[in-house]
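Have a look at the structure below, then the notes.
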Amino acid sequence: MRNALRTNGLMKTYSGFTLGPLDLTVPTGTVAGIVGSNGAGKTTLIKCLLGLTTADSGTLEVLDAPIARPEDMPGALKERIGVVLDTCAFTQESRVRDVAQLGRAAYRSWDQARFEELTRAFGLDGRKQVKELSRGMGMKLSLAFALAHCPQLLILDEATAGLDPLARDEMLELLRAFMEDETHTVLMASHITSDLEKLADQIICLDAGRIAFDLPKDAICDDAGIVRLRAAQLEELANSAAFAAPNAEGVRVMHEAYSVSMLVPDRFAFAEAFPDIPVERASLESYLTLALKGEAL
């Protein structure tokens, strides 16, 4: 299986918002992070991928299976997909231990021992009702359920939101263990960029329904750099012969109160061209801010 997900020209239009057209590929064995501001289209994309809504045009393949309409997604394919949404999907009156009954009824691949192992590790009391769980504990229950039916593709929508740092690290360790199987894939939408820096291989940024960038994480967090300048320095640099293409290609600048921040795609090339100007490694958050809010030089 070469690709876990692939879209070509995928579009979905609502009143006042259009997702796409999106050409997107997530190879098998990849942790792909989806980032973007609220309303950028992350949840709409996930709904299309899960067959919860029908795209208006374009093509979609999930685990090498073409999906034309939600009702076309066969049960055997759904069993291979684990989902953790931003809210706990189980009925409020259900007890933690009762959730396993739903899993046994819905999935032929259900692993009861795995579910019990995960709920114990997460400190989930089987006697508690879902309505008694905090948001963080509800997310842990959802993840335990998703992993217990042994999916190949795991889709997470803000699954680490509401968790304290220790609990988030615990969840990330579980995802790392899940990815030890090279046939597994994770698609993870999150506003917590530090989690994606620790885990993701690929970063997909949506902005107003379109792909702003789709890059390997290393191209962002290892190759790219941030330069802090005064306005006069920026003008001098922009007019220099050393800043001609290719150094100026892909550069984004953002003017702040007393300085200018500049994103450079290759901090090593910039440092070689301008050894007297400090350039720092970009974080995913700083890259995202400048890519979306900055202007081309």
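Residues are named by chain letter and number: chains run A, B, ... in the order of the structure tokens, numbers start at 1 in each chain, and ligands are numbered from 1 in the order shown.
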Please tabulate, as CSV, the residues of region 59-112 of chain A that come within 10 Å of region 129-148 of chain A, each with its closest pair of atoms and the distance in Å to one decimal, counting only C-alpha atoms and ordering rows by chain, then residue number upward.
residue,atom,partner,partner_atom,distance
A:Glu79,CA,A:Ala146,CA,9.9
A:Ile81,CA,A:Ala146,CA,8.2
A:Gly82,CA,A:Ala146,CA,4.7
A:Val83,CA,A:Ala146,CA,5.9
A:Val84,CA,A:Ser142,CA,5.7
A:Leu85,CA,A:Ser142,CA,8.0
A:Asp86,CA,A:Met139,CA,7.7
A:Thr87,CA,A:Met139,CA,7.2
A:Cys88,CA,A:Gly138,CA,5.4
A:Ala89,CA,A:Ser142,CA,7.6
A:Phe90,CA,A:Val130,CA,7.1
A:Thr91,CA,A:Val130,CA,6.9
A:Gln92,CA,A:Lys131,CA,4.6
A:Glu93,CA,A:Gln129,CA,5.7
A:Ser94,CA,A:Gln129,CA,5.4
A:Arg95,CA,A:Gln129,CA,4.1
A:Val96,CA,A:Gln129,CA,6.2
A:Arg97,CA,A:Gln129,CA,9.0
A:Asp98,CA,A:Gln129,CA,9.2
A:Val99,CA,A:Phe145,CA,7.7
A:Ala100,CA,A:Phe145,CA,7.6
A:Leu102,CA,A:Phe145,CA,9.4
A:Gly103,CA,A:Phe145,CA,7.2
A:Arg104,CA,A:Ala148,CA,9.8
A:Tyr107,CA,A:Ala148,CA,9.4
A:Ser109,CA,A:Ala148,CA,8.2
A:Trp110,CA,A:Ala148,CA,5.9
A:Asp111,CA,A:Ala148,CA,5.2
A:Gln112,CA,A:Ala148,CA,6.9
Generate the output file for the selected residues, N, CA and C atoms, as a PDB file, in the first residue's frame.
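So the final result, stored in part08.pdb, reads:
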ATOM      1  N   GLU A  79     -13.386  -0.448   9.292  1.00  0.00           N
ATOM      2  CA  GLU A  79     -12.723  -1.157  10.389  1.00  0.00           C
ATOM      3  C   GLU A  79     -11.230  -0.842  10.440  1.00  0.00           C
ATOM      4  N   ILE A  81      -9.883   2.048   9.983  1.00  0.00           N
ATOM      5  CA  ILE A  81      -9.684   3.458  10.306  1.00  0.00           C
ATOM      6  C   ILE A  81     -10.084   3.709  11.754  1.00  0.00           C
ATOM      7  N   GLY A  82      -9.162   4.242  12.544  1.00  0.00           N
ATOM      8  CA  GLY A  82      -9.465   4.657  13.910  1.00  0.00           C
ATOM      9  C   GLY A  82      -9.627   6.165  13.949  1.00  0.00           C
ATOM     10  N   VAL A  83     -10.564   6.629  14.762  1.00  0.00           N
ATOM     11  CA  VAL A  83     -10.894   8.058  14.787  1.00  0.00           C
ATOM     12  C   VAL A  83     -10.976   8.553  16.222  1.00  0.00           C
ATOM     13  N   VAL A  84     -10.338   9.691  16.485  1.00  0.00           N
ATOM     14  CA  VAL A  84     -10.488  10.393  17.756  1.00  0.00           C
ATOM     15  C   VAL A  84     -10.841  11.836  17.417  1.00  0.00           C
ATOM     16  N   LEU A  85     -12.077  12.217  17.663  1.00  0.00           N
ATOM     17  CA  LEU A  85     -12.541  13.565  17.364  1.00  0.00           C
ATOM     18  C   LEU A  85     -12.301  14.483  18.553  1.00  0.00           C
ATOM     19  N   ASP A  86     -12.660  15.759  18.400  1.00  0.00           N
ATOM     20  CA  ASP A  86     -12.335  16.738  19.446  1.00  0.00           C
ATOM     21  C   ASP A  86     -13.270  16.672  20.643  1.00  0.00           C
ATOM     22  N   THR A  87     -14.301  15.832  20.571  1.00  0.00           N
ATOM     23  CA  THR A  87     -15.175  15.593  21.722  1.00  0.00           C
ATOM     24  C   THR A  87     -15.385  14.084  21.858  1.00  0.00           C
ATOM     25  N   CYS A  88     -15.627  13.636  23.059  1.00  0.00           N
ATOM     26  CA  CYS A  88     -15.870  12.213  23.303  1.00  0.00           C
ATOM     27  C   CYS A  88     -17.224  11.832  22.700  1.00  0.00           C
ATOM     28  N   ALA A  89     -17.213  10.830  21.822  1.00  0.00           N
ATOM     29  CA  ALA A  89     -18.405  10.513  21.030  1.00  0.00           C
ATOM     30  C   ALA A  89     -19.372   9.557  21.722  1.00  0.00           C
ATOM     31  N   PHE A  90     -19.013   9.030  22.883  1.00  0.00           N
ATOM     32  CA  PHE A  90     -19.856   8.030  23.526  1.00  0.00           C
ATOM     33  C   PHE A  90     -20.972   8.699  24.330  1.00  0.00           C
ATOM     34  N   THR A  91     -22.082   7.997  24.498  1.00  0.00           N
ATOM     35  CA  THR A  91     -23.213   8.560  25.229  1.00  0.00           C
ATOM     36  C   THR A  91     -22.815   8.856  26.672  1.00  0.00           C
ATOM     37  N   GLN A  92     -23.347   9.930  27.199  1.00  0.00           N
ATOM     38  CA  GLN A  92     -22.966  10.407  28.523  1.00  0.00           C
ATOM     39  C   GLN A  92     -23.268   9.392  29.622  1.00  0.00           C
ATOM     40  N   GLU A  93     -24.288   8.567  29.420  1.00  0.00           N
ATOM     41  CA  GLU A  93     -24.680   7.608  30.459  1.00  0.00           C
ATOM     42  C   GLU A  93     -23.860   6.325  30.417  1.00  0.00           C
ATOM     43  N   SER A  94     -23.114   6.120  29.340  1.00  0.00           N
ATOM     44  CA  SER A  94     -22.318   4.890  29.224  1.00  0.00           C
ATOM     45  C   SER A  94     -21.218   4.875  30.276  1.00  0.00           C
ATOM     46  N   ARG A  95     -20.915   3.678  30.774  1.00  0.00           N
ATOM     47  CA  ARG A  95     -19.769   3.517  31.650  1.00  0.00           C
ATOM     48  C   ARG A  95     -18.549   3.143  30.799  1.00  0.00           C
ATOM     49  N   VAL A  96     -17.391   3.422  31.329  1.00  0.00           N
ATOM     50  CA  VAL A  96     -16.163   3.147  30.591  1.00  0.00           C
ATOM     51  C   VAL A  96     -16.097   1.692  30.165  1.00  0.00           C
ATOM     52  N   ARG A  97     -16.446   0.776  31.068  1.00  0.00           N
ATOM     53  CA  ARG A  97     -16.351  -0.636  30.729  1.00  0.00           C
ATOM     54  C   ARG A  97     -17.378  -1.044  29.677  1.00  0.00           C
ATOM     55  N   ASP A  98     -18.506  -0.286  29.578  1.00  0.00           N
ATOM     56  CA  ASP A  98     -19.530  -0.605  28.586  1.00  0.00           C
ATOM     57  C   ASP A  98     -19.101  -0.247  27.169  1.00  0.00           C
ATOM     58  N   VAL A  99     -18.152   0.674  27.042  1.00  0.00           N
ATOM     59  CA  VAL A  99     -17.680   1.077  25.717  1.00  0.00           C
ATOM     60  C   VAL A  99     -17.086  -0.128  24.983  1.00  0.00           C
ATOM     61  N   ALA A 100     -16.507  -1.057  25.722  1.00  0.00           N
ATOM     62  CA  ALA A 100     -15.929  -2.255  25.106  1.00  0.00           C
ATOM     63  C   ALA A 100     -16.997  -3.092  24.414  1.00  0.00           C
ATOM     64  N   LEU A 102     -19.557  -1.991  22.799  1.00  0.00           N
ATOM     65  CA  LEU A 102     -19.746  -1.365  21.495  1.00  0.00           C
ATOM     66  C   LEU A 102     -18.629  -1.769  20.544  1.00  0.00           C
ATOM     67  N   GLY A 103     -17.398  -1.783  21.052  1.00  0.00           N
ATOM     68  CA  GLY A 103     -16.270  -2.173  20.220  1.00  0.00           C
ATOM     69  C   GLY A 103     -16.369  -3.609  19.740  1.00  0.00           C
ATOM     70  N   ARG A 104     -16.762  -4.516  20.622  1.00  0.00           N
ATOM     71  CA  ARG A 104     -16.893  -5.931  20.238  1.00  0.00           C
ATOM     72  C   ARG A 104     -17.984  -6.113  19.189  1.00  0.00           C
ATOM     73  N   TYR A 107     -16.560  -4.138  15.642  1.00  0.00           N
ATOM     74  CA  TYR A 107     -15.297  -4.452  14.967  1.00  0.00           C
ATOM     75  C   TYR A 107     -14.922  -5.917  15.154  1.00  0.00           C
ATOM     76  N   SER A 109     -12.081  -6.956  14.486  1.00  0.00           N
ATOM     77  CA  SER A 109     -10.687  -6.932  14.931  1.00  0.00           C
ATOM     78  C   SER A 109     -10.539  -6.444  16.374  1.00  0.00           C
ATOM     79  N   TRP A 110     -11.632  -6.316  17.097  1.00  0.00           N
ATOM     80  CA  TRP A 110     -11.577  -5.759  18.456  1.00  0.00           C
ATOM     81  C   TRP A 110     -10.674  -6.595  19.356  1.00  0.00           C
ATOM     82  N   ASP A 111      -9.794  -5.915  20.084  1.00  0.00           N
ATOM     83  CA  ASP A 111      -8.842  -6.563  20.986  1.00  0.00           C
ATOM     84  C   ASP A 111      -9.179  -6.127  22.417  1.00  0.00           C
ATOM     85  N   GLN A 112      -9.940  -6.966  23.112  1.00  0.00           N
ATOM     86  CA  GLN A 112     -10.400  -6.622  24.457  1.00  0.00           C
ATOM     87  C   GLN A 112      -9.226  -6.443  25.427  1.00  0.00           C
TER      88      GLN A 112
END
- Task: Please report, as a PyMOL selection string, each residue of region 67-272 of chain A to which DSSP assigns alpha helix (DSSP H) when run on this structure's backbone.
- Result: chain A and resi 75-78+96-106+112-121+135-148+165-178+193-199+217-218+231-238+267-272
- If we count only C-alpha atoms, what is near region 209-226 of chain A at a cut-off of 9 Å, once residues fewer than 4 positions away on the same chain are taken out, given as a VMD selection string? chain A and resid 17 to 24 32 36 39 to 42 44 to 45 196 to 197 200 to 205 261 to 268 270 278 to 284 286 to 287 291 to 292
- Got a sec to tell me which of region 116-168 of chain A DSSP assigns to strand (DSSP E), as a PyMOL selection string? chain A and resi 153-157
- Item | Long-range neighbours of Leu229 (chain A) as a ChimeraX atom specification, 6 Å cut-off, only C-alpha atoms, 2 positions minimum in chain | /A:233,259-260
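For the pair CA of Glu61 (chain A) and CA of Thr25 (chain A), the separation is 9.5 Å.
CA of Thr185 (chain A) lies 18.1 Å from CA of Ile67 (chain A).
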- Item | Residue contacts of Ala232 (chain A) (12 Å, only C-alpha atoms) excluding same-chain residues fewer than 5 positions away, as number ranges by chain | A: 237-239, 255, 258-260
- Show which residues sit within 9 Å of Lys78 (chain A), as JSON, numbers by chain. Count only C-alpha atoms, and ignore same-chain residues fewer than 4 positions away. {"A": [50, 73, 74, 82, 151]}
- Query: Please, what distance in Å, to one decimal, runs between CA of Leu5 (chain A) and CA of Leu63 (chain A)?
  - Reply: 6.1 Å
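Proximity of A:Lys12, A:Ala76, A:Thr7, A:Ile34 to Thr53 (chain A), computed with only C-alpha atoms, is greatest for A:Lys12.
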- Message: Residues near Ile192 (chain A), anyone? I mean within 12 Å using only C-alpha atoms, not counting same-chain ones fewer than 4 positions away, as a list in words.
- Response: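 Within the cut-off, the hits are Gly33, Ile34, Val35, Gly36, Ser37, Asp157, Glu158, Ala159, Thr160, Ala161, Gly162, Leu163, Asp164, Pro165, Arg168, Met188, Leu196, Glu197, Lys198, Leu199, Ala200, Leu284, Glu285 and Leu288 of chain A.
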